[in-house]
Structure formats: C-alpha cells, structure tokens
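Asks: Here it is, the structure in full.
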Amino acid sequence: METVVIRSLEPLIAELRARGFAVVAPTARDKVIRMGEIASESELPRGCGDEQEPGRYRLREGDDEMLFGFAASPDSAKRYTQPPSRTLFRMRGESIEEPEAEVPRVALLGVRACDLAALAVQDRVFLGGRHPDPGYRRRREALFVVAVNCAVPGGTCFCVSMGTGPKATAGYDLALTELAGPHRFVAEPGSAYGAEILGALPRVPAADADLDAAEEVSRTAAERMGRRVDTEGIKERVAGAHDSPRWQQVASRCLTCANCTMVCPTCFCTTVEDSTDLSEGAAERIERWDSCFTLGFTEVGGAPVRGSGAARYRQWLTHKFSTWFDQFGTSGCVGCGRCITWCPVGIDVTEELANLP
C-alpha cells in the first residue's frame with residue numbers, strides 16, 4: 001500500500017478499539033509523559049514538550065497542536081511485553097492455574113525507533129534461544145505497534161550513535177510522521193495487517209511535499225542528538241577495561257538504586273517469589289523485574305558475588321556494550337538516554353564510556 005496522509009488519529013484509535021485492541025499511548029500525568037490506555041485523540045499530550053538532561057526531567061506545556069513533541073518517556077514497550085510483575089502459576093490443592101493462558105490485545109501508539117530496536121533485542125533474548133518464553137511470545141503476538149518518527153530528541157538521546165533512530169525502519173505495523181502547517185500525519189504500513197487497518201481510515205495519497213517534509217523531520221532530529229557514543233571497537237574496549245580505576249570513580253557517585261535498569265527498554269533480569277496462603281491452601285509463584293544493581297541479585301551461599309557498587313556498575317555497563325554481543329549478537333543499548341535522565345545523581349553513560357581507557 002502507498003504512503004498516505006491522515007488528518008486525525010481519531011479514526012485510527014476508533015478502528016483499533018473496534019477490532020478489540022486496548023489502545024495504549026502517551027499521556028501527560030503527574031508532570032511526566034506516561035503510557036496509558038486511551039479512548040480518543042483528545043487524551044494525547046497535545047502541545048507538550050520536555051527537557052531532559054542528566055538527572056533532570058521537566059515537562060513543558062505549550063499551546064501548539066503537536067501530539068508527539070517530546071522525547072522518550074520513562075515507559076517503554078517493555079512494560080507490555082515483559083510486565084514488571086506477573087503471576088507464573090497458582091496452585092490450589094492438586095490443581096494448577098496458569099493466569100496468562102490468554103493475554104489482552106494491545107495497540108501501542110507512539111513507539112519511537114529506539115524502542116522498536118529494543119523490541120527486536122528483546123525478541124532475540126526471549127524468542128531466539130533454546131528455551132523461548134511462551135508468555136513473552138503470546139504478549140508479543142498480541143501487540144500491534146504504531147511507530148511515530150521522532151522529531152524532538154531529548155538532551156540525553158544518542159540513538160544515531162547506536163544506529164537505531166530517529167527514523168523507524170522496521171518492526172512496526174504502522175509508522176507515522178507528524179507534520180505541522182497544516183497538522184497531519186504521513187502514514188505508511190509495515191505489515192499486511194497494518195495496511196489493512198490503514199485502508200479502513202480516511203486518507204489521501206501523500207504528495208511529494210508531504211514526503212519531503214517527513215524526511216526533513218527525521219534529518220533534523222538526527223542532527224539534534226543530545227549525546228553521542230563512539231562505537232568503534234566498543235565491545236573490545238569495554239571488555240579490556242575490567243581493572244580501570246574509572247569503576248571506583250563512578251561508584252563513588254552511584255547509589256545502586258537500579259533506576260537505570262528499571263527504565264531501560266532492553267534490561268530483562270527478573271527474580272521469582274513464592275508465597276503460600278495456608279488459610280486457603282493455595283500457593284503462587286510471581287516473577288518481577290530485578291536488577292544487577294541490587295545487592296542480592298547474585299547472592300550465592302548467603303553472600304553476593306558482586307558486593308561493591310563498582311563491581312555492579314562494571315557488570316551492567318560491560319554487559320550492555322560488550323558481553324551482550326557475545327550472547328545475542330547485538331548491543332544491549334539502543335541510545336534512548338533514559339538511564340541518563342532518570343539517574344538521581346546524573347551519571348551519564350556516554351561520559352563513562354568516553355572515559356574508559
């Protein structure tokens with residue numbers, strides 16, 4: 001199907017809801033952009049922008065008509081493919097219940113190119129090995145992805161360095177580029193189902209001026225990256241810095257709070273917790289997000305393997321930019337910058353990489 005122009009997202013949202021999808025999109029809540037279920041275009045954060053720097057986030061509310069004039073929010077698609085907490089199974093007597101036998105159909109609206117790349121990384125982690133995760137597969141297959149090409153990168157973004165953005169090139173069902181004057185969206189399908197849904201919407205063929213304007217949005221965004229990383233030989237360079245004094249320097253600032261891994265769209269570490277309700281004769285096992293920054297994450301024989309903050313930060317950075325290649329054939333970082341923005345003390349991963357020997 002050819003690239004088209006749509007004037008409003010209202011018909012798209014209505015069509016997705018009519019087909020049984022819960023439409024999840026950016027919303028402005030508690031002075032931050034968060035992903036949440038919406039029923040109409042009016043719930044999108046019209047006129048909102050943001051300011052992002054190390055350890056700093058501020059939402060700006062303006063009066064323009066743009067719906068996606070902000071950079072990556074703390075929420076990523078990971079929340080819907082790998083939920084923060086989920087019940088693996090419950091036992092009552094001799095019966096076993098599997099709560100996730102069926103998963104809801106979710107349409108994610110407003111996914112950026114960096115998060116599409118993160119979804120591809122997660123697919124390798126959860127589906128590419130010898131033991132695919134059936135729960136992840138069900139949630140992934142129930143996902144409809146509407147990408148929005150980034151127009152306003154944040155001060156901590158470096159997706160260009162990682163080769164993951166700002167323009168979406170794969171991994172979506174529909175891709176939108178928001179344009180102003182007049183306000184409209186250039187839309188192109190990325191799957192057969194996306195083309196089917198796009199075909200059901202009011203639309204007009206995209207003119208050359210529309211296509212040129214959409215290309216200009218991505219070109220300008222690429223030139224406005226807030227950060228950059230030199231990726232030449234990064235795998236070997238990070239692995240060779242095991243004994244660098246830089247780890248102790250960053251550890252003197254790091255709170256090992258795990259904020260960076262909680263907002264990261266590719267971090268996948270979890271733990272499991274068992275609980276028993278003796279009054280009902282029931283037990284359940286819950287999986288929840290965990291982090292290599294928590295002291296008990298590598299506990300063996302009653303003591304942690306990585307007892308110092310320096311060791312834990314080294315593990316995280318080395319995994320992201322070095323040993324992830326060995327495991328999954330790709331970097332574990334997509335350049336979204338969330339770990340920089342949401343670090344309480346403003347530790348900048350791009351700065352740490354630049355200062356390794």
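The chains in the structure tokens are called A, B, ... from first to last as shown; in each chain the residues are counted from 1, and the ligands are counted from 1 in the order shown.
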Name the residues in contact with stretch 252-267 of chain A at a cut-off of 7 Å, using only C-alpha atoms, excluding same-chain residues fewer than 6 positions from it; report them as a PyMOL selection string.
Replies: chain A and resi 74-76+78+115+118+121-122+291+293-294+309+332+338-339+342-343+345
Asks: Restricted to C-alpha atoms, what would the selected residues look like written as a PDB file, in the first residue's frame?
Replies:
ATOM      1  CA  PRO A  74      10.250   6.626  31.298  1.00  0.00           C
ATOM      2  CA  ASP A  75       7.841   3.985  29.924  1.00  0.00           C
ATOM      3  CA  SER A  76       8.845   1.757  27.036  1.00  0.00           C
ATOM      4  CA  LYS A  78       8.915  -3.490  27.634  1.00  0.00           C
ATOM      5  CA  ASP A 115      12.059   1.320  21.308  1.00  0.00           C
ATOM      6  CA  ALA A 118      14.665  -2.542  21.875  1.00  0.00           C
ATOM      7  CA  VAL A 121      16.608  -7.027  21.119  1.00  0.00           C
ATOM      8  CA  GLN A 122      14.001  -8.468  23.463  1.00  0.00           C
ATOM      9  CA  SER A 291      18.429  -5.702  38.530  1.00  0.00           C
ATOM     10  CA  PHE A 293      22.436  -3.380  40.764  1.00  0.00           C
ATOM     11  CA  THR A 294      20.604  -4.984  43.699  1.00  0.00           C
ATOM     12  CA  GLY A 309      28.905  -0.740  43.750  1.00  0.00           C
ATOM     13  CA  GLY A 332      22.165  -4.147  24.675  1.00  0.00           C
ATOM     14  CA  ARG A 338      16.588   7.029  29.765  1.00  0.00           C
ATOM     15  CA  CYS A 339      19.344   5.743  32.058  1.00  0.00           C
ATOM     16  CA  TRP A 342      16.414   9.068  35.346  1.00  0.00           C
ATOM     17  CA  CYS A 343      19.667   8.572  37.267  1.00  0.00           C
ATOM     18  CA  VAL A 345      22.775  11.689  40.537  1.00  0.00           C
TER      19      VAL A 345
END
Asks: Taking only residues of stretch 120-176 of chain A that have an atom at most 8 Å from an atom of stretch 224-238 of chain A, what is each one's shortest atom pair and its distance in Å to one decimal, using only C-alpha atoms, in chain and number order, as JSON lines?
Replies:
{"residue": "A:Val152", "atom": "CA", "partner": "A:Arg224", "partner_atom": "CA", "distance": 7.9}
{"residue": "A:Pro153", "atom": "CA", "partner": "A:Met225", "partner_atom": "CA", "distance": 6.0}
{"residue": "A:Gly154", "atom": "CA", "partner": "A:Gly226", "partner_atom": "CA", "distance": 6.1}
{"residue": "A:Gly155", "atom": "CA", "partner": "A:Gly226", "partner_atom": "CA", "distance": 4.0}
{"residue": "A:Thr156", "atom": "CA", "partner": "A:Gly226", "partner_atom": "CA", "distance": 5.1}
{"residue": "A:Cys157", "atom": "CA", "partner": "A:Gly226", "partner_atom": "CA", "distance": 5.3}
{"residue": "A:Phe158", "atom": "CA", "partner": "A:Arg227", "partner_atom": "CA", "distance": 4.9}
{"residue": "A:Cys159", "atom": "CA", "partner": "A:Met225", "partner_atom": "CA", "distance": 7.7}
{"residue": "A:Val160", "atom": "CA", "partner": "A:Met225", "partner_atom": "CA", "distance": 7.4}
{"residue": "A:Ser161", "atom": "CA", "partner": "A:Val229", "partner_atom": "CA", "distance": 5.6}
{"residue": "A:Met162", "atom": "CA", "partner": "A:Thr231", "partner_atom": "CA", "distance": 7.4}
Asks: Which residue gives the smallest distance to A:Arg56 among A:Val32, A:Leu317, A:Val103, A:Ile13, with only C-alpha atoms counted?
Replies: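 Distance minimum relative to A:Arg56 lands on A:Val32.
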Asks: Return the single residue from A:Pro83, A:Pro45, A:Gly163, A:Pro344 that is closest to A:Ser331, with distances computed using only C-alpha atoms.
Replies: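 Closest candidate: A:Gly163.
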Asks: Residues within 9 Å of A:Leu143, please, as a ChimeraX atom specification. Count only C-alpha atoms; anything in the same chain fewer than 5 positions from it doesn't count.
Replies: /A:21,80-81,104-108,138
Asks: So the first atom is atom CA of A:Gly329 and the second is atom CA of A:Phe297; what is the distance between them in Å, to one decimal place?
Replies: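 Taking atom CA of A:Gly329 and atom CA of A:Phe297, their separation equals 24.5 Å.
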Asks: Counting only C-alpha atoms, what is within 12 Å of A:Ser275, bar same-chain residues fewer than 5 positions away, as a short mmCIF file (atom, residue, chain, number, x, y, z; two decimals) with C-alpha atoms, in the first residue's frame?
Replies:
data_model
loop_
_atom_site.label_atom_id
_atom_site.label_comp_id
_atom_site.auth_asym_id
_atom_site.auth_seq_id
_atom_site.Cartn_x
_atom_site.Cartn_y
_atom_site.Cartn_z
CA THR A 87 1.95 -14.48 38.28
CA LEU A 88 3.56 -17.52 36.71
CA PHE A 89 1.17 -20.03 38.27
CA ARG A 90 -1.10 -20.70 41.23
CA MET A 91 -1.69 -23.99 42.99
CA GLY A 281 -4.47 -23.96 50.87
CA ALA A 282 -3.04 -22.03 47.92
CA ALA A 283 0.42 -21.07 46.70
CA GLU A 284 1.65 -18.91 43.86
CA ARG A 285 4.86 -18.01 42.10
CA ILE A 286 5.38 -14.41 40.93
CA GLU A 287 8.02 -13.09 38.56
#
